[in-house]
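Asker: I'm passing along protein-v7.csv; it holds CSV, C-alpha atoms.
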chain,number,residue,atom,x,y,z
A,1017,MET,CA,-1.6,-38.3,35.6
A,1018,ALA,CA,1.7,-36.9,36.8
A,1019,ALA,CA,2.5,-35.0,33.6
A,1020,ARG,CA,-0.9,-33.3,33.7
A,1021,ALA,CA,-0.5,-32.3,37.3
A,1022,ALA,CA,3.0,-31.0,36.6
A,1023,MET,CA,1.8,-28.9,33.7
A,1024,VAL,CA,-0.9,-27.3,35.8
A,1025,ALA,CA,1.6,-26.7,38.6
A,1026,ARG,CA,3.9,-24.8,36.2
A,1027,LEU,CA,0.9,-22.7,35.0
A,1028,GLU,CA,0.2,-21.8,38.6
A,1029,GLU,CA,3.8,-20.9,39.4
A,1030,SER,CA,4.0,-18.7,36.3
A,1031,GLY,CA,0.8,-16.8,37.3
A,1032,ALA,CA,-1.1,-18.0,34.2
A,1033,LEU,CA,-3.5,-20.1,36.2
A,1034,GLY,CA,-5.3,-19.6,39.5
A,1035,PRO,CA,-7.7,-21.7,41.6
A,1036,GLY,CA,-11.2,-22.2,40.1
A,1037,PRO,CA,-13.1,-24.2,37.5
A,1038,VAL,CA,-10.5,-23.7,34.7
A,1039,ARG,CA,-7.8,-25.3,36.9
A,1040,GLU,CA,-10.2,-28.2,37.7
A,1041,ALA,CA,-11.0,-28.6,34.0
A,1042,LEU,CA,-7.4,-28.8,33.0
A,1043,LEU,CA,-6.6,-31.2,35.8
A,1044,ALA,CA,-9.4,-33.5,34.6
A,1045,LEU,CA,-8.5,-33.4,30.9
A,1046,PRO,CA,-6.5,-36.3,29.5
A,1047,ARG,CA,-4.9,-34.4,26.6
A,1048,GLN,CA,-3.8,-37.6,24.8
A,1049,ILE,CA,-7.5,-38.3,24.2
A,1050,LEU,CA,-8.0,-35.0,22.4
A,1051,MET,CA,-4.6,-35.3,20.7
A,1052,PRO,CA,-3.6,-38.9,20.3
A,1053,GLN,CA,-1.4,-37.8,17.4
A,1054,ALA,CA,0.7,-34.6,17.1
A,1055,TYR,CA,3.5,-33.3,15.1
A,1056,VAL,CA,7.1,-32.5,16.3
A,1057,ARG,CA,9.5,-30.6,14.1
A,1058,ARG,CA,12.7,-32.3,13.3
A,1059,SER,CA,14.3,-29.5,11.2
A,1060,ALA,CA,16.0,-26.3,12.3
A,1061,PRO,CA,13.8,-23.2,12.6
A,1062,ASP,CA,15.0,-21.8,9.2
A,1063,GLU,CA,15.6,-25.1,7.4
A,1064,THR,CA,13.6,-25.5,4.2
A,1065,PRO,CA,11.7,-27.6,3.4
A,1066,PRO,CA,10.8,-28.3,7.1
A,1067,ARG,CA,10.7,-31.9,8.4
A,1068,TRP,CA,8.1,-33.2,10.8
A,1069,ASP,CA,7.2,-36.5,12.5
A,1070,LEU,CA,3.6,-37.4,13.3
A,1071,LEU,CA,3.8,-39.1,16.7
A,1072,ASP,CA,1.0,-41.6,17.7
A,1073,PHE,CA,0.0,-42.5,21.3
A,1074,SER,CA,-0.8,-46.0,20.2
A,1075,ARG,CA,2.8,-46.7,19.3
A,1076,PRO,CA,4.9,-47.4,22.4
A,1077,ALA,CA,8.0,-45.9,20.9
A,1078,ASP,CA,6.2,-42.6,20.5
A,1079,ARG,CA,4.3,-42.4,23.7
A,1080,GLU,CA,6.8,-40.8,26.0
A,1081,GLU,CA,7.8,-38.1,23.6
A,1082,LEU,CA,4.2,-37.4,22.7
A,1083,LEU,CA,3.1,-37.1,26.3
A,1084,GLU,CA,6.0,-34.7,27.0
A,1085,ARG,CA,5.0,-32.6,24.0
A,1086,LEU,CA,1.3,-32.5,25.0
A,1087,HIS,CA,2.1,-31.4,28.5
A,1088,SER,CA,5.0,-29.0,27.8
A,1089,GLY,CA,2.7,-26.1,27.7
A,1090,ASP,CA,3.8,-25.2,24.2
A,1091,SER,CA,1.5,-25.0,21.2
A,1092,VAL,CA,0.9,-28.4,19.6
A,1093,ALA,CA,0.6,-28.9,15.8
A,1094,ILE,CA,-2.2,-31.3,14.9
A,1095,GLN,CA,-2.8,-30.9,11.2
A,1096,HIS,CA,-0.4,-30.7,8.2
A,1097,ASP,CA,-1.5,-29.1,4.9
A,1098,GLY,CA,-5.2,-29.4,5.6
A,1099,GLU,CA,-5.1,-33.2,5.7
A,1100,PRO,CA,-7.8,-35.5,7.2
A,1101,ILE,CA,-7.0,-35.9,10.9
A,1102,LEU,CA,-8.8,-39.2,11.6
A,1103,GLY,CA,-7.1,-42.4,10.3
A,1104,ARG,CA,-3.7,-40.9,9.5
A,1105,VAL,CA,-0.6,-43.0,9.3
A,1106,PRO,CA,2.1,-41.8,11.7
A,1107,GLY,CA,5.6,-41.0,10.5
A,1108,PRO,CA,7.6,-38.3,8.7
A,1109,ARG,CA,6.3,-35.5,6.7
A,1110,ARG,CA,8.3,-33.0,4.6
A,1111,GLY,CA,7.5,-29.5,3.5
A,1112,GLY,CA,4.2,-27.8,3.7
A,1113,VAL,CA,2.8,-26.0,6.7
A,1114,MET,CA,0.9,-26.7,9.9
A,1115,THR,CA,-2.8,-25.8,9.4
A,1116,ALA,CA,-4.3,-26.5,12.8
A,1117,MET,CA,-2.8,-26.0,16.3
A,1118,SER,CA,-3.6,-26.3,19.9
A,1119,SER,CA,-2.5,-23.0,21.5
A,1120,THR,CA,0.0,-22.6,24.3
A,1121,MET,CA,-1.5,-23.5,27.6
A,1122,SER,CA,-0.6,-20.3,29.4
A,1123,LEU,CA,-2.5,-18.3,26.8
A,1124,THR,CA,-5.5,-20.7,26.8
A,1125,ALA,CA,-5.6,-20.9,30.6
A,1126,ASP,CA,-5.5,-17.1,31.0
A,1127,LEU,CA,-8.2,-16.4,28.5
A,1128,LEU,CA,-10.5,-19.1,29.8
A,1129,GLN,CA,-10.2,-17.5,33.2
A,1130,GLN,CA,-11.0,-14.1,31.8
A,1131,LEU,CA,-14.0,-15.6,30.1
A,1132,ASP,CA,-15.5,-16.4,33.5
A,1133,LEU,CA,-17.2,-19.7,32.6
A,1134,ARG,CA,-20.0,-20.8,34.8
A,1135,PRO,CA,-22.5,-23.7,34.9
A,1136,GLY,CA,-25.3,-23.4,32.5
A,1137,LEU,CA,-23.8,-20.7,30.3
A,1138,ARG,CA,-24.2,-20.9,26.5
A,1139,VAL,CA,-20.8,-20.8,24.9
A,1140,LEU,CA,-19.6,-20.4,21.3
A,1141,ASP,CA,-16.1,-21.6,20.8
A,1142,VAL,CA,-14.8,-20.3,17.5
A,1143,GLY,CA,-11.8,-22.1,16.1
A,1144,THR,CA,-12.1,-25.7,17.4
A,1145,GLY,CA,-8.5,-26.8,17.0
A,1146,ALA,CA,-7.9,-29.8,19.2
A,1147,GLY,CA,-11.0,-29.2,21.3
A,1148,VAL,CA,-9.2,-28.0,24.5
A,1149,THR,CA,-11.3,-24.9,24.9
A,1150,ALA,CA,-14.5,-26.8,24.0
A,1151,SER,CA,-13.7,-29.5,26.6
A,1152,ALA,CA,-13.1,-26.9,29.3
A,1153,ALA,CA,-16.4,-25.2,28.4
A,1154,CYS,CA,-18.2,-28.6,28.6
A,1155,PHE,CA,-16.6,-29.4,31.9
A,1156,VAL,CA,-17.6,-26.1,33.5
A,1157,CYS,CA,-20.9,-25.2,31.7
A,1158,GLY,CA,-22.3,-28.5,30.6
A,1159,ASP,CA,-22.1,-29.7,27.0
A,1160,GLU,CA,-25.7,-29.0,26.1
A,1161,GLY,CA,-25.0,-25.2,25.9
A,1162,VAL,CA,-21.7,-25.4,24.1
A,1163,VAL,CA,-21.1,-24.9,20.3
A,1164,THR,CA,-17.7,-25.4,18.8
A,1165,LEU,CA,-17.1,-24.1,15.3
A,1166,ASP,CA,-14.3,-24.5,12.8
A,1167,ILE,CA,-14.0,-23.9,9.0
A,1168,ASP,CA,-12.2,-27.2,8.4
A,1169,PRO,CA,-14.4,-30.3,8.3
A,1170,HIS,CA,-11.5,-32.5,9.1
A,1171,VAL,CA,-10.9,-30.6,12.3
A,1172,THR,CA,-14.5,-30.7,13.4
A,1173,ALA,CA,-14.8,-34.4,12.6
A,1174,ALA,CA,-11.8,-35.2,14.7
A,1175,ALA,CA,-13.0,-33.0,17.6
A,1176,ARG,CA,-16.5,-34.5,17.5
A,1177,GLU,CA,-15.1,-38.0,17.9
A,1178,ARG,CA,-12.6,-37.2,20.5
A,1179,LEU,CA,-14.8,-35.0,22.6
A,1180,SER,CA,-17.3,-37.8,22.6
A,1181,ASP,CA,-14.6,-40.1,23.8
A,1182,LEU,CA,-14.4,-37.8,26.8
A,1183,GLY,CA,-18.1,-38.0,27.3
A,1184,TYR,CA,-18.9,-34.6,25.9
A,1185,ARG,CA,-21.3,-34.0,23.0
A,1186,PRO,CA,-21.4,-30.3,22.2
A,1187,ALA,CA,-22.7,-29.1,18.9
A,1188,THR,CA,-19.7,-29.4,16.7
A,1189,VAL,CA,-20.2,-27.4,13.5
A,1190,THR,CA,-18.3,-26.7,10.3
A,1191,GLY,CA,-18.5,-23.1,9.1
A,1192,ASP,CA,-16.9,-19.7,8.9
A,1193,GLY,CA,-16.2,-18.6,12.5
A,1194,THR,CA,-16.5,-14.9,11.7
A,1195,THR,CA,-20.2,-15.3,10.9
A,1196,GLY,CA,-20.8,-17.3,14.1
A,1197,TRP,CA,-23.6,-19.8,14.5
A,1198,THR,CA,-27.0,-18.3,14.7
A,1199,ALA,CA,-28.9,-21.5,15.3
A,1200,ALA,CA,-28.0,-21.7,19.0
A,1201,SER,CA,-27.5,-17.9,19.6
A,1202,PRO,CA,-27.5,-15.8,21.7
A,1203,TYR,CA,-24.4,-16.8,23.7
A,1204,GLU,CA,-23.3,-15.6,27.1
A,1205,ARG,CA,-19.7,-16.3,26.2
A,1206,ILE,CA,-17.9,-16.2,22.8
A,1207,PHE,CA,-14.2,-17.3,22.5
A,1208,VAL,CA,-12.3,-16.8,19.3
A,1209,SER,CA,-9.0,-18.7,19.1
A,1210,PHE,CA,-7.5,-17.0,16.0
A,1211,ALA,CA,-6.5,-13.4,15.3
A,1212,VAL,CA,-8.8,-11.1,13.4
A,1213,ARG,CA,-8.2,-7.6,12.0
A,1214,HIS,CA,-11.4,-6.2,13.4
A,1215,VAL,CA,-14.3,-7.5,15.5
A,1216,PRO,CA,-16.8,-9.5,13.4
A,1217,GLN,CA,-20.1,-7.8,13.6
A,1218,ALA,CA,-22.0,-11.2,13.5
A,1219,LEU,CA,-20.3,-12.3,16.7
A,1220,VAL,CA,-21.3,-9.1,18.4
A,1221,GLU,CA,-24.9,-9.6,17.3
A,1222,GLN,CA,-24.9,-13.1,18.7
A,1223,LEU,CA,-23.7,-12.0,22.2
A,1224,ALA,CA,-26.5,-12.2,24.8
A,1225,PRO,CA,-27.2,-9.4,27.4
A,1226,GLY,CA,-24.7,-9.8,30.2
A,1227,GLY,CA,-22.4,-11.7,27.8
A,1228,ARG,CA,-18.7,-11.4,27.1
A,1229,ALA,CA,-16.6,-12.1,24.0
A,1230,LEU,CA,-12.8,-12.4,23.8
A,1231,MET,CA,-10.6,-12.4,20.6
A,1232,THR,CA,-7.1,-11.4,19.5
A,1233,LEU,CA,-7.0,-8.3,17.3
A,1234,GLY,CA,-3.9,-8.1,15.1
A,1235,THR,CA,-2.4,-6.7,11.9
A,1236,SER,CA,-0.1,-8.2,9.3
A,1237,SER,CA,2.6,-8.2,12.0
A,1238,PRO,CA,2.7,-10.9,14.6
A,1239,SER,CA,4.7,-8.8,17.1
A,1240,TRP,CA,2.2,-6.7,19.1
A,1241,PRO,CA,-1.2,-8.3,19.6
A,1242,GLY,CA,-4.3,-6.8,21.3
A,1243,LEU,CA,-7.0,-8.5,23.1
A,1244,ALA,CA,-10.6,-7.3,22.3
A,1245,VAL,CA,-12.9,-7.7,25.3
A,1246,ILE,CA,-16.5,-7.1,24.2
A,1247,GLY,CA,-19.5,-7.0,26.6
A,1248,ARG,CA,-23.2,-6.5,26.1
A,1249,ARG,CA,-25.0,-4.7,28.9
A,1250,GLN,CA,-28.4,-5.8,30.1
A,1251,ASP,CA,-30.0,-3.0,28.2
A,1252,GLY,CA,-28.5,-4.4,25.0
A,1253,SER,CA,-25.8,-1.7,24.5
A,1254,VAL,CA,-22.2,-2.9,23.7
A,1255,GLU,CA,-19.0,-1.8,25.5
A,1256,ALA,CA,-15.6,-3.0,24.3
A,1257,GLN,CA,-11.9,-2.6,25.1
A,1258,LEU,CA,-8.7,-3.3,23.3
A,1259,ARG,CA,-6.0,-4.3,25.7
A,1260,ALA,CA,-2.3,-4.4,24.7
A,1261,VAL,CA,-1.0,-7.9,25.6
A,1262,GLU,CA,2.2,-9.8,25.3
A,1263,PHE,CA,0.8,-12.9,23.6
A,1264,GLY,CA,-2.1,-13.5,21.3
A,1265,HIS,CA,-3.6,-16.2,19.0
A,1266,ARG,CA,-2.2,-16.9,15.6
A,1267,ALA,CA,-3.9,-15.5,12.5
A,1268,GLY,CA,-6.6,-17.7,10.9
A,1269,ALA,CA,-6.5,-19.1,7.4
A,1270,GLY,CA,-6.6,-16.4,4.8
A,1271,PHE,CA,-5.0,-13.8,7.1
A,1272,GLU,CA,-1.4,-13.5,5.8
A,1273,ARG,CA,1.3,-12.4,8.3
A,1274,LEU,CA,4.6,-10.8,7.6
A,1275,PHE,CA,7.8,-12.4,8.9
A,1276,LEU,CA,11.5,-11.7,9.0
A,1277,SER,CA,13.2,-14.3,6.9
A,1278,ALA,CA,16.6,-15.7,7.9
A,1279,THR,CA,18.2,-13.8,5.1
A,1280,PHE,CA,16.6,-10.5,6.2
A,1281,ARG,CA,17.6,-11.1,9.9
A,1282,ALA,CA,21.2,-11.7,8.9
A,1283,GLU,CA,21.2,-8.6,6.8
A,1284,ILE,CA,19.9,-6.5,9.7
A,1285,THR,CA,22.6,-8.0,12.0
A,1286,THR,CA,25.5,-7.5,9.7
A,1287,ALA,CA,24.8,-4.8,7.1
A,1288,ASP,CA,25.8,-1.2,7.4
A,1289,GLY,CA,23.3,1.6,7.7
A,1290,TRP,CA,23.1,5.2,8.8
A,1291,THR,CA,24.0,5.4,12.5
A,1292,GLN,CA,23.0,8.2,14.8
A,1293,ARG,CA,23.8,8.7,18.5
A,1294,SER,CA,20.6,9.3,20.4
A,1295,MET,CA,19.8,10.4,24.0
A,1296,LEU,CA,16.2,9.2,23.6
A,1297,ALA,CA,15.6,5.8,25.2
A,1298,PRO,CA,13.8,3.2,23.1
A,1299,PRO,CA,10.4,2.4,24.7
A,1300,GLU,CA,10.5,-0.5,27.2
A,1301,ASP,CA,9.0,-3.8,26.1
A,1302,THR,CA,6.5,-3.4,28.9
A,1303,ALA,CA,5.1,-0.2,27.2
A,1304,ARG,CA,2.7,-2.5,25.4
A,1305,GLY,CA,0.1,0.2,24.6
A,1306,MET,CA,2.8,2.1,22.7
A,1307,TRP,CA,3.8,-0.9,20.6
A,1308,LEU,CA,0.2,-1.7,19.9
A,1309,ALA,CA,-0.4,1.8,18.7
A,1310,LEU,CA,2.7,1.7,16.6
A,1311,ASP,CA,1.6,-1.5,14.9
A,1312,HIS,CA,-1.7,0.1,13.8
A,1313,LEU,CA,-0.4,3.6,13.0
A,1314,TYR,CA,2.7,2.4,11.1
A,1315,PRO,CA,1.8,-1.1,9.9
A,1316,GLY,CA,4.2,-3.6,8.4
A,1317,LEU,CA,6.8,-3.7,11.1
A,1318,VAL,CA,8.0,-7.0,12.6
A,1319,ARG,CA,10.3,-7.3,15.6
A,1320,ASP,CA,13.1,-9.9,15.9
A,1321,PHE,CA,12.6,-10.9,19.5
A,1322,GLY,CA,15.6,-13.3,19.3
A,1323,ALA,CA,18.0,-10.4,18.6
A,1324,GLU,CA,20.3,-9.1,21.4
A,1325,ASP,CA,19.4,-5.5,20.6
A,1326,LEU,CA,16.1,-3.9,19.7
A,1327,THR,CA,15.7,-5.0,16.1
A,1328,ILE,CA,12.7,-4.2,13.8
A,1329,GLY,CA,12.3,-4.7,10.1
A,1330,ALA,CA,9.7,-3.8,7.5
A,1331,PRO,CA,9.8,-6.8,5.1
A,1332,GLU,CA,7.7,-5.3,2.4
A,1333,CYS,CA,10.2,-2.4,1.7
A,1334,ARG,CA,13.3,-3.9,3.3
A,1335,SER,CA,13.7,-1.1,5.8
A,1336,TRP,CA,15.2,-2.0,9.2
A,1337,MET,CA,16.4,-0.5,12.5
A,1338,ARG,CA,18.6,-1.7,15.3
A,1339,VAL,CA,19.3,0.1,18.6
A,1340,ARG,CA,22.3,-0.6,20.8
A,1341,ALA,CA,23.0,0.9,24.2
A,1342,VAL,CA,26.5,2.5,24.2
A,1343,GLY,CA,26.7,4.2,27.6
A,1344,HIS,CA,24.6,6.0,30.2
A,1345,HIS,CA,21.5,7.4,28.4
A,1346,ARG,CA,23.2,6.9,25.0
A,1347,TRP,CA,22.1,4.7,22.2
A,1348,ASP,CA,23.4,4.0,18.7
A,1349,VAL,CA,20.5,3.8,16.3
A,1350,THR,CA,21.2,2.3,12.9
A,1351,THR,CA,18.6,2.5,10.2
A,1352,SER,CA,18.4,1.5,6.5
A,1353,GLY,CA,15.7,1.7,3.8
A,1354,PRO,CA,13.0,4.2,2.8
A,1355,ARG,CA,11.3,4.1,6.2
A,1356,ASP,CA,12.7,5.9,9.3
A,1357,ILE,CA,11.5,3.3,11.8
A,1358,TRP,CA,13.2,5.1,14.7
A,1359,ALA,CA,11.3,8.3,13.9
A,1360,GLU,CA,8.1,6.4,13.7
A,1361,ILE,CA,8.7,4.8,17.1
A,1362,GLN,CA,9.6,8.1,18.8
A,1363,GLY,CA,6.6,9.9,17.2
A,1364,VAL,CA,4.1,7.3,18.5
A,1365,ALA,CA,5.8,7.1,21.9
A,1366,GLY,CA,5.4,10.9,22.3
A,1367,ARG,CA,1.7,10.7,21.3
A,1368,TRP,CA,1.2,7.7,23.6
A,1369,ARG,CA,2.7,9.5,26.6
A,1370,ALA,CA,0.6,12.6,25.9
A,1371,ALA,CA,-2.5,10.3,25.9
A,1372,GLY,CA,-1.6,9.1,29.4
A,1373,ALA,CA,0.5,6.0,28.5
A,1374,PRO,CA,-2.5,3.7,28.3
A,1375,ASP,CA,-2.4,0.0,27.8
A,1376,VAL,CA,-6.2,-0.2,27.4
A,1377,PHE,CA,-8.1,1.5,24.7
A,1378,ARG,CA,-11.8,2.0,24.1
A,1379,LEU,CA,-13.2,0.0,21.1
A,1380,GLN,CA,-15.9,2.0,19.3
A,1381,PHE,CA,-18.3,0.5,16.8
A,1382,ASP,CA,-19.7,3.2,14.5
A,1383,ALA,CA,-23.0,3.0,12.7
A,1384,ASP,CA,-21.3,2.7,9.3
A,1385,GLY,CA,-19.5,-0.5,10.4
A,1386,SER,CA,-16.1,1.1,11.1
A,1387,GLN,CA,-14.3,0.4,14.3
A,1388,ARG,CA,-11.9,2.6,16.2
A,1389,ALA,CA,-9.5,2.2,19.1
A,1390,THR,CA,-9.2,5.4,21.3
A,1391,SER,CA,-7.3,6.2,24.4
A,1392,PRO,CA,-9.3,7.0,27.5
A,1393,ASN,CA,-8.7,10.7,27.1
A,1394,GLY,CA,-9.4,10.7,23.4
A,1395,ALA,CA,-5.9,12.0,22.4
A,1396,LEU,CA,-4.7,8.9,20.6
A,1397,THR,CA,-6.9,7.0,18.1
A,1398,TRP,CA,-6.8,4.8,15.0
A,1399,GLN,CA,-9.2,3.0,12.8
A,1400,LEU,CA,-9.1,-0.8,12.6
A,1401,SER,CA,-8.5,-2.2,9.2
A,1402,PRO,CA,-11.5,-4.1,7.9
A,1403,GLY,CA,-9.1,-6.3,5.7
A,1404,GLU,CA,-9.4,-10.0,5.8
A,1405,THR,CA,-10.5,-11.3,9.2
A,1406,GLY,CA,-9.2,-14.9,8.8
A,1407,ASP,CA,-11.5,-17.8,9.6
A,1408,ALA,CA,-12.2,-20.4,12.2
A,1409,ARG,CA,-9.1,-22.5,11.9
So, in terms of structure tokens, how does the structure I just supplied come out?
Answerer:
Amino acid sequence: MAARAAMVARLEESGALGPGPVREALLALPRQILMPQAYVRRSAPDETPPRWDLLDFSRPADREELLERLHSGDSVAIQHDGEPILGRVPGPRRGGVMTAMSSTMSLTADLLQQLDLRPGLRVLDVGTGAGVTASAACFVCGDEGVVTLDIDPHVTAAARERLSDLGYRPATVTGDGTTGWTAASPYERIFVSFAVRHVPQALVEQLAPGGRALMTLGTSSPSWPGLAVIGRRQDGSVEAQLRAVEFGHRAGAGFERLFLSATFRAEITTADGWTQRSMLAPPEDTARGMWLALDHLYPGLVRDFGAEDLTIGAPECRSWMRVRAVGHHRWDVTTSGPRDIWAEIQGVAGRWRAAGAPDVFRLQFDADGSQRATSPNGALTWQLSPGETGDAR
């Protein structure tokens, strides 16, 4: 199909996809079989209540728009307010939230390549969604070794039927993804497609010697994700890294995220605050290790990536900061509220530079169950919040 080949070509041009089995799996996957229905948003981003249309491939009037959506590379919404997925009537929906998604293809393709799928491997796919990851694992590894797990029975029922339509019959299981699925363990590969606050110990225990697990580690902020890469050596010991990345998976159900409302964004843009002239440059966007450390050391900050200037707010206490370049090595820093976000940023930036400016941290699992991220030289460290880990949506 031309749209499928064009999507793969765009992924290759962007650097998200290279030659190999993942590319072949994506080229072979008719996405309209896995997602014969999908939602498109008809309302503006901040409009409430939101308005959606459920498109259906079986309706000729919907087909072109649906195929364009499925092959755009963007995330695809497949479930509204926890509804049954099979047997739905297409058409408009109003209000509510999207409760199951198919992730952006650049993120999925990159992580699947990092997973290093090979024929015959046993794979646990946690967070079934539309079944894209499961189908790729079945294509490469063979479906007899693949388990796909989701907390929502409607999601697993739809995936089971649609993967079968593709000729794949992995074990499709309903359950809490953070506890894994011991019946088919251990696994050589574990892939978690929702963000967690810390690495679920059950998944580490189900990782086979020589195995690898990938998952997004996050906080209440969606702005600065980390990728946990966990491996089990042949002697049974575990080694893990936390890598600062640009994009990560969304939080699972039960894992509440902060956001900047339209009202708060407008306040930051227009309101007066205390302005100081600074000769200290704000950290670059590419200093991802610094932003990751900031997110954990000073939680509750959310960045407005749509703003022209560096703009960060703390929704829980209504503090905010914006930074504007005003000349050569000169910036106007405007702050408001009880938190001095600029001081927090500069303090962490100094500690991060003293630690060697790392973008990769060691993940340490202690005997008492606590988990820490530590720079390679040990100078910068923080404990991961056990909090709510989300679930397998």
Asker: Nearest to Arg1039 (chain A): which of A:Val1024, A:Met1121, A:Met1231, A:Ile1328 is it, counting only C-alpha atoms?
Answerer: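 For Arg1039 (chain A), the nearest of the candidates is A:Val1024.
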Asker: Dump as an MDAnalysis selection string all residues having an atom at most 7 Å from (-9.0, -29.6, 20.2), computed in the file's coordinates with all atoms listed in the file.
Answerer: chainID A and resid 1050 1118 1144:1148 1175
Asker: Counting all atoms listed in the file, write as a VMD selection string all protein and nucleic acid residues lying at most 12 Å from (5.9, 1.8, 32.2) in the file's frame.
Answerer: chain A and resid 1299 to 1306 1365 1368 to 1369 1372 to 1375
Asker: What is the distance, in Å and to one decimal place, between CA of Pro1238 (chain A) and CA of Val1318 (chain A)?
Answerer: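 So the answer is 6.9 Å.
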Asker: Please list as a list in words every residue within 12 Å of Glu1063 (chain A), counting all atoms listed in the file and excluding residues in the same chain fewer than 6 positions away.
Answerer: Arg1057, Arg1110, Gly1111, Ser1277, Ala1278 and Thr1279 of chain A
Asker: Under the rule that all atoms listed in the file are counted, which of A:Asp1072, A:Asp1348, A:Asp1320, A:Asp1159 is the nearest residue to Leu1086 (chain A)?
Answerer: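 So, comparing all the options, the nearest one is A:Asp1072.
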Asker: Between CA of Ile1246 (chain A) and CA of Arg1138 (chain A), what distance in Å does the model show, to one decimal?
Answerer: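 Result for CA of Ile1246 (chain A) versus CA of Arg1138 (chain A): 16.0 Å, one decimal.
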Asker: Hey, what's within 6 Å of Trp1068 (chain A) if we count all atoms listed in the file and toss same-chain stuff fewer than 6 positions away? As a ChimeraX atom specification, please?
Answerer: /A:1056-1058,1108-1109
Asker: Nearest to Ile1206 (chain A) among A:Ser1294, A:Arg1346, A:Ser1386, A:Gln1222, with distances taken over all atoms listed in the file: which residue is it?
Answerer: A:Gln1222
Asker: Just need the box for region 1157-1172 of chain A, edges along x, y and z, holding every atom the file lists for it with 6 Å tacked onto each side, so centre and edge lengths in Å to one decimal, as JSON.
Answerer:
{"center_x": -18.3, "center_y": -28.2, "center_z": 20.0, "size_x": 26.8, "size_y": 20.6, "size_z": 35.4}
Asker: Between A:Leu1045, A:Leu1137, A:Met1337, A:Leu1033, which residue has the minimum interatomic distance to Thr1124 (chain A), considering only C-alpha atoms?
Answerer: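 Closest to Thr1124 (chain A) of all the choices is A:Leu1033.
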Asker: Report, in Å to a single decimal, how far apart CA of Thr1149 (chain A) and CA of Thr1120 (chain A) are.
Answerer: 11.5 Å
Asker: Name the closest residue to Phe1377 (chain A) among the candidates A:Cys1154, A:Leu1296, A:Ala1032, A:Leu1258; distances are taken between atoms, counting only C-alpha atoms.
Answerer: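 The shortest atom-to-atom distance to Phe1377 (chain A) comes from A:Leu1258.
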Asker: Do you know which residues are at most 8 Å from Ala1330 (chain A) counting all atoms listed in the file, after dropping those on the same chain fewer than 2 positions away, and could you put them as a list of chain:residue names?
Answerer: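 The contact residues come out as A:Gly1316, A:Leu1317, A:Val1318, A:Ile1328, A:Glu1332, A:Cys1333, A:Arg1334, A:Ser1335, A:Trp1336.
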Asker: Please list as a list of chain:residue names every residue within 12 Å of Gly1136 (chain A), counting all atoms listed in the file and excluding residues in the same chain fewer than 4 positions away.
Answerer: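 Result of the neighbour search: A:Ala1153, A:Cys1154, A:Phe1155, A:Val1156, A:Cys1157, A:Gly1158, A:Asp1159, A:Glu1160, A:Gly1161, A:Val1162, A:Tyr1203, A:Glu1204, A:Arg1205.
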